Amino acid sequence: MDLNSKVKEKITELRLRIQDLEQTGKEQDKESERLAMLSEAEGYRKRLLRDQTTWRKANLACRMAIDRRQQEELFRGSDVPLRLRKMTKASVAQTAGHMTECLMSVTRMMSQQVKMSEETIGTLATSSRILTETNEEFKSVTGALHLVTNLLTRCSQQDLIDGLQILLALLLFLATVLYILKKRLTPLS
């Protein structure tokens, strides 16, 4: 009963961790990361269902063995020699011990799965944090590049305007020189 309650606690804990993993996966921005995390969560969910099935089968086998032993003891009654009863108790104890070992094995496997899930969730959380930081850095670099592009465009426009002003000033100067030359070279009539 103690082992069963521990197994139930671990199953509940695993189920919650899988739900956390699914929630984290749904919150991812990139589609590929979201699908990868949801796929991994689904794999853990299937593994949990397999472990639960194994645990239920072990429980059922244990209960059936105990029921069978009790039935055999009831049918034999008191006319069975004491030595045979002790041997039956020993075999029941051995069977119960074997079942306990099976349950402990399932508990160990589930504990390992919980640890693997914890490590995976930790890794995913770290990866998610790094991706978020990288995304923020990318946004700041993109903003800086946009600002530099705007400045270069303004500088280019200013260069064009300066060139046009110089050309107009040169044309005005030449027109003025031509006007002065015309006035000086033409006789006053």
# chains A, B, ... in the order shown; residues from 1 in each chain; ligands from 1

$ residues_around --residues "region 9-25 of chain A" --least-positions-apart "3" --cutoff "12 Å" --atoms "only C-alpha atoms" --output "ChimeraX atom specification"
/A:2-6,28-53,55,106-129

$ atom_distance --atom1 "CA of Val92 (chain A)" --atom2 "CA of Thr54 (chain A)"
21.6 Å

$ closest_residue --among "A:Gln71, A:Gly143, A:Thr100, A:Lys26" --to "Asn59 (chain A)" --atoms "only C-alpha atoms"
A:Thr100

$ atom_distance --atom1 "CA of Glu27 (chain A)" --atom2 "CA of Val141 (chain A)"
24.0 Å

$ atom_distance --atom1 "CA of Phe75 (chain A)" --atom2 "CA of Lys57 (chain A)"
26.6 Å

$ closest_residue --among "A:Leu172, A:Ala61, A:Ala144, A:Ile180" --to "Cys102 (chain A)" --atoms "only C-alpha atoms"
A:Ala61

$ residues_around --residues "Gln70 (chain A)" --least-positions-apart "4" --cutoff "10 Å" --atoms "only C-alpha atoms" --output "short mmCIF file (atom, residue, chain, number, x, y, z; two decimals) with all heavy atoms, in the first residue's frame"
data_model
loop_
_atom_site.label_atom_id
_atom_site.label_comp_id
_atom_site.auth_asym_id
_atom_site.auth_seq_id
_atom_site.Cartn_x
_atom_site.Cartn_y
_atom_site.Cartn_z
N MET A 64 -3.94 -11.24 -7.44
CA MET A 64 -4.41 -12.57 -7.83
C MET A 64 -3.63 -13.65 -7.11
O MET A 64 -4.21 -14.65 -6.65
CB MET A 64 -4.29 -12.73 -9.35
CG MET A 64 -5.33 -11.91 -10.12
SD MET A 64 -5.10 -11.93 -11.91
CE MET A 64 -5.15 -13.65 -12.27
N ALA A 65 -2.33 -13.47 -6.97
CA ALA A 65 -1.51 -14.46 -6.27
C ALA A 65 -1.92 -14.55 -4.80
O ALA A 65 -2.05 -15.66 -4.24
CB ALA A 65 -0.03 -14.10 -6.39
N ILE A 66 -2.15 -13.42 -4.18
CA ILE A 66 -2.57 -13.42 -2.77
C ILE A 66 -3.93 -14.07 -2.62
O ILE A 66 -4.13 -14.91 -1.72
CB ILE A 66 -2.58 -11.97 -2.21
CG1 ILE A 66 -1.15 -11.46 -2.09
CG2 ILE A 66 -3.28 -11.92 -0.87
CD1 ILE A 66 -1.05 -9.98 -1.74
N LEU A 74 -7.86 -21.78 2.50
CA LEU A 74 -9.21 -22.00 2.99
C LEU A 74 -9.72 -23.40 2.62
O LEU A 74 -10.39 -24.06 3.41
CB LEU A 74 -10.16 -20.94 2.42
CG LEU A 74 -10.05 -19.55 3.04
CD1 LEU A 74 -10.97 -18.59 2.30
CD2 LEU A 74 -10.43 -19.59 4.51
N PHE A 75 -9.42 -23.82 1.38
CA PHE A 75 -9.90 -25.13 0.95
C PHE A 75 -9.17 -26.28 1.63
O PHE A 75 -9.73 -27.35 1.84
CB PHE A 75 -9.77 -25.27 -0.58
CG PHE A 75 -10.80 -24.47 -1.33
CD1 PHE A 75 -10.43 -23.70 -2.42
CD2 PHE A 75 -12.13 -24.48 -0.95
CE1 PHE A 75 -11.36 -22.97 -3.11
CE2 PHE A 75 -13.06 -23.74 -1.65
CZ PHE A 75 -12.69 -22.99 -2.73
N ARG A 76 -7.93 -26.06 1.98
CA ARG A 76 -7.18 -27.13 2.64
C ARG A 76 -7.68 -27.33 4.07
O ARG A 76 -7.66 -28.44 4.58
CB ARG A 76 -5.69 -26.78 2.66
CG ARG A 76 -5.08 -26.96 1.28
CD ARG A 76 -3.59 -26.77 1.35
NE ARG A 76 -3.06 -26.71 0.00
CZ ARG A 76 -2.07 -25.99 -0.38
NH1 ARG A 76 -1.43 -25.25 0.50
NH2 ARG A 76 -1.65 -26.00 -1.61
N THR A 88 3.47 -23.13 2.72
CA THR A 88 2.59 -22.29 1.94
C THR A 88 2.77 -20.84 2.35
O THR A 88 2.82 -19.95 1.50
CB THR A 88 1.12 -22.72 2.16
OG1 THR A 88 1.00 -24.10 1.84
CG2 THR A 88 0.19 -21.92 1.30
N LYS A 89 2.91 -20.59 3.64
CA LYS A 89 3.14 -19.22 4.10
C LYS A 89 4.48 -18.71 3.55
O LYS A 89 4.61 -17.56 3.17
CB LYS A 89 3.14 -19.16 5.62
CG LYS A 89 1.76 -19.28 6.23
CD LYS A 89 1.82 -19.21 7.73
CE LYS A 89 0.44 -19.39 8.33
NZ LYS A 89 0.47 -19.36 9.80
N VAL A 92 3.94 -17.87 -0.02
CA VAL A 92 3.18 -16.62 -0.11
C VAL A 92 4.10 -15.44 0.18
O VAL A 92 4.08 -14.42 -0.52
CB VAL A 92 1.97 -16.62 0.85
CG1 VAL A 92 1.37 -15.24 0.98
CG2 VAL A 92 0.93 -17.62 0.39
#

$ decode --residues "region 161-186 of chain A" --atoms "N, CA, C and O atoms" --output "PDB file, in the first residue's frame"
ATOM      1  N   ILE A 161      21.669  67.211 -52.736  1.00  0.00           N
ATOM      2  CA  ILE A 161      21.242  68.619 -52.623  1.00  0.00           C
ATOM      3  C   ILE A 161      22.465  69.543 -52.680  1.00  0.00           C
ATOM      4  O   ILE A 161      22.448  70.573 -53.365  1.00  0.00           O
ATOM      5  N   ASP A 162      23.543  69.188 -51.975  1.00  0.00           N
ATOM      6  CA  ASP A 162      24.767  69.996 -52.001  1.00  0.00           C
ATOM      7  C   ASP A 162      25.335  70.081 -53.416  1.00  0.00           C
ATOM      8  O   ASP A 162      25.771  71.159 -53.871  1.00  0.00           O
ATOM      9  N   GLY A 163      25.348  68.992 -54.133  1.00  0.00           N
ATOM     10  CA  GLY A 163      25.848  68.987 -55.516  1.00  0.00           C
ATOM     11  C   GLY A 163      25.023  69.895 -56.405  1.00  0.00           C
ATOM     12  O   GLY A 163      25.565  70.650 -57.241  1.00  0.00           O
ATOM     13  N   LEU A 164      23.702  69.849 -56.256  1.00  0.00           N
ATOM     14  CA  LEU A 164      22.819  70.711 -57.053  1.00  0.00           C
ATOM     15  C   LEU A 164      23.066  72.184 -56.706  1.00  0.00           C
ATOM     16  O   LEU A 164      23.075  73.047 -57.593  1.00  0.00           O
ATOM     17  N   GLN A 165      23.248  72.506 -55.439  1.00  0.00           N
ATOM     18  CA  GLN A 165      23.505  73.890 -55.033  1.00  0.00           C
ATOM     19  C   GLN A 165      24.820  74.398 -55.628  1.00  0.00           C
ATOM     20  O   GLN A 165      24.906  75.540 -56.103  1.00  0.00           O
ATOM     21  N   ILE A 166      25.842  73.559 -55.603  1.00  0.00           N
ATOM     22  CA  ILE A 166      27.131  73.953 -56.185  1.00  0.00           C
ATOM     23  C   ILE A 166      26.984  74.184 -57.686  1.00  0.00           C
ATOM     24  O   ILE A 166      27.508  75.157 -58.244  1.00  0.00           O
ATOM     25  N   LEU A 167      26.246  73.307 -58.371  1.00  0.00           N
ATOM     26  CA  LEU A 167      26.026  73.446 -59.805  1.00  0.00           C
ATOM     27  C   LEU A 167      25.277  74.741 -60.108  1.00  0.00           C
ATOM     28  O   LEU A 167      25.635  75.478 -61.030  1.00  0.00           O
ATOM     29  N   LEU A 168      24.236  75.022 -59.329  1.00  0.00           N
ATOM     30  CA  LEU A 168      23.473  76.259 -59.534  1.00  0.00           C
ATOM     31  C   LEU A 168      24.345  77.491 -59.267  1.00  0.00           C
ATOM     32  O   LEU A 168      24.283  78.495 -60.008  1.00  0.00           O
ATOM     33  N   ALA A 169      25.170  77.438 -58.222  1.00  0.00           N
ATOM     34  CA  ALA A 169      26.059  78.560 -57.926  1.00  0.00           C
ATOM     35  C   ALA A 169      27.063  78.763 -59.060  1.00  0.00           C
ATOM     36  O   ALA A 169      27.367  79.905 -59.454  1.00  0.00           O
ATOM     37  N   LEU A 170      27.592  77.668 -59.600  1.00  0.00           N
ATOM     38  CA  LEU A 170      28.534  77.744 -60.707  1.00  0.00           C
ATOM     39  C   LEU A 170      27.870  78.344 -61.941  1.00  0.00           C
ATOM     40  O   LEU A 170      28.440  79.199 -62.625  1.00  0.00           O
ATOM     41  N   LEU A 171      26.628  77.913 -62.244  1.00  0.00           N
ATOM     42  CA  LEU A 171      25.892  78.448 -63.388  1.00  0.00           C
ATOM     43  C   LEU A 171      25.611  79.944 -63.197  1.00  0.00           C
ATOM     44  O   LEU A 171      25.738  80.744 -64.133  1.00  0.00           O
ATOM     45  N   LEU A 172      25.256  80.333 -61.975  1.00  0.00           N
ATOM     46  CA  LEU A 172      25.010  81.741 -61.681  1.00  0.00           C
ATOM     47  C   LEU A 172      26.304  82.552 -61.845  1.00  0.00           C
ATOM     48  O   LEU A 172      26.294  83.648 -62.418  1.00  0.00           O
ATOM     49  N   PHE A 173      27.399  81.986 -61.380  1.00  0.00           N
ATOM     50  CA  PHE A 173      28.691  82.666 -61.517  1.00  0.00           C
ATOM     51  C   PHE A 173      29.035  82.847 -62.995  1.00  0.00           C
ATOM     52  O   PHE A 173      29.461  83.917 -63.435  1.00  0.00           O
ATOM     53  N   LEU A 174      28.883  81.766 -63.774  1.00  0.00           N
ATOM     54  CA  LEU A 174      29.188  81.840 -65.202  1.00  0.00           C
ATOM     55  C   LEU A 174      28.277  82.832 -65.912  1.00  0.00           C
ATOM     56  O   LEU A 174      28.714  83.596 -66.787  1.00  0.00           O
ATOM     57  N   ALA A 175      27.013  82.834 -65.546  1.00  0.00           N
ATOM     58  CA  ALA A 175      26.065  83.780 -66.148  1.00  0.00           C
ATOM     59  C   ALA A 175      26.480  85.208 -65.806  1.00  0.00           C
ATOM     60  O   ALA A 175      26.421  86.121 -66.652  1.00  0.00           O
ATOM     61  N   THR A 176      26.905  85.416 -64.569  1.00  0.00           N
ATOM     62  CA  THR A 176      27.340  86.752 -64.153  1.00  0.00           C
ATOM     63  C   THR A 176      28.592  87.170 -64.917  1.00  0.00           C
ATOM     64  O   THR A 176      28.706  88.313 -65.397  1.00  0.00           O
ATOM     65  N   VAL A 177      29.548  86.261 -65.068  1.00  0.00           N
ATOM     66  CA  VAL A 177      30.777  86.559 -65.818  1.00  0.00           C
ATOM     67  C   VAL A 177      30.437  86.884 -67.260  1.00  0.00           C
ATOM     68  O   VAL A 177      30.957  87.848 -67.860  1.00  0.00           O
ATOM     69  N   LEU A 178      29.588  86.106 -67.870  1.00  0.00           N
ATOM     70  CA  LEU A 178      29.180  86.349 -69.260  1.00  0.00           C
ATOM     71  C   LEU A 178      28.469  87.700 -69.395  1.00  0.00           C
ATOM     72  O   LEU A 178      28.678  88.438 -70.362  1.00  0.00           O
ATOM     73  N   TYR A 179      27.648  88.020 -68.448  1.00  0.00           N
ATOM     74  CA  TYR A 179      26.929  89.290 -68.475  1.00  0.00           C
ATOM     75  C   TYR A 179      27.914  90.452 -68.385  1.00  0.00           C
ATOM     76  O   TYR A 179      27.828  91.433 -69.142  1.00  0.00           O
ATOM     77  N   ILE A 180      28.877  90.319 -67.462  1.00  0.00           N
ATOM     78  CA  ILE A 180      29.864  91.385 -67.300  1.00  0.00           C
ATOM     79  C   ILE A 180      30.706  91.518 -68.572  1.00  0.00           C
ATOM     80  O   ILE A 180      30.974  92.622 -69.055  1.00  0.00           O
ATOM     81  N   LEU A 181      31.131  90.420 -69.144  1.00  0.00           N
ATOM     82  CA  LEU A 181      31.918  90.454 -70.363  1.00  0.00           C
ATOM     83  C   LEU A 181      31.127  91.062 -71.520  1.00  0.00           C
ATOM     84  O   LEU A 181      31.660  91.849 -72.323  1.00  0.00           O
ATOM     85  N   LYS A 182      29.902  90.722 -71.610  1.00  0.00           N
ATOM     86  CA  LYS A 182      29.045  91.261 -72.666  1.00  0.00           C
ATOM     87  C   LYS A 182      28.930  92.764 -72.505  1.00  0.00           C
ATOM     88  O   LYS A 182      29.000  93.523 -73.470  1.00  0.00           O
ATOM     89  N   LYS A 183      28.758  93.269 -71.306  1.00  0.00           N
ATOM     90  CA  LYS A 183      28.600  94.687 -71.045  1.00  0.00           C
ATOM     91  C   LYS A 183      29.923  95.424 -71.366  1.00  0.00           C
ATOM     92  O   LYS A 183      29.905  96.526 -71.862  1.00  0.00           O
ATOM     93  N   ARG A 184      31.014  94.831 -71.082  1.00  0.00           N
ATOM     94  CA  ARG A 184      32.283  95.489 -71.309  1.00  0.00           C
ATOM     95  C   ARG A 184      32.697  95.423 -72.769  1.00  0.00           C
ATOM     96  O   ARG A 184      33.364  96.313 -73.284  1.00  0.00           O
ATOM     97  N   LEU A 185      32.374  94.368 -73.416  1.00  0.00           N
ATOM     98  CA  LEU A 185      32.826  94.213 -74.787  1.00  0.00           C
ATOM     99  C   LEU A 185      31.879  94.889 -75.792  1.00  0.00           C
ATOM    100  O   LEU A 185      32.303  95.236 -76.898  1.00  0.00           O
ATOM    101  N   THR A 186      30.711  95.076 -75.482  1.00  0.00           N
ATOM    102  CA  THR A 186      29.821  95.761 -76.410  1.00  0.00           C
ATOM    103  C   THR A 186      29.974  97.279 -76.224  1.00  0.00           C
ATOM    104  O   THR A 186      30.031  97.761 -75.099  1.00  0.00           O
TER     105      THR A 186
END
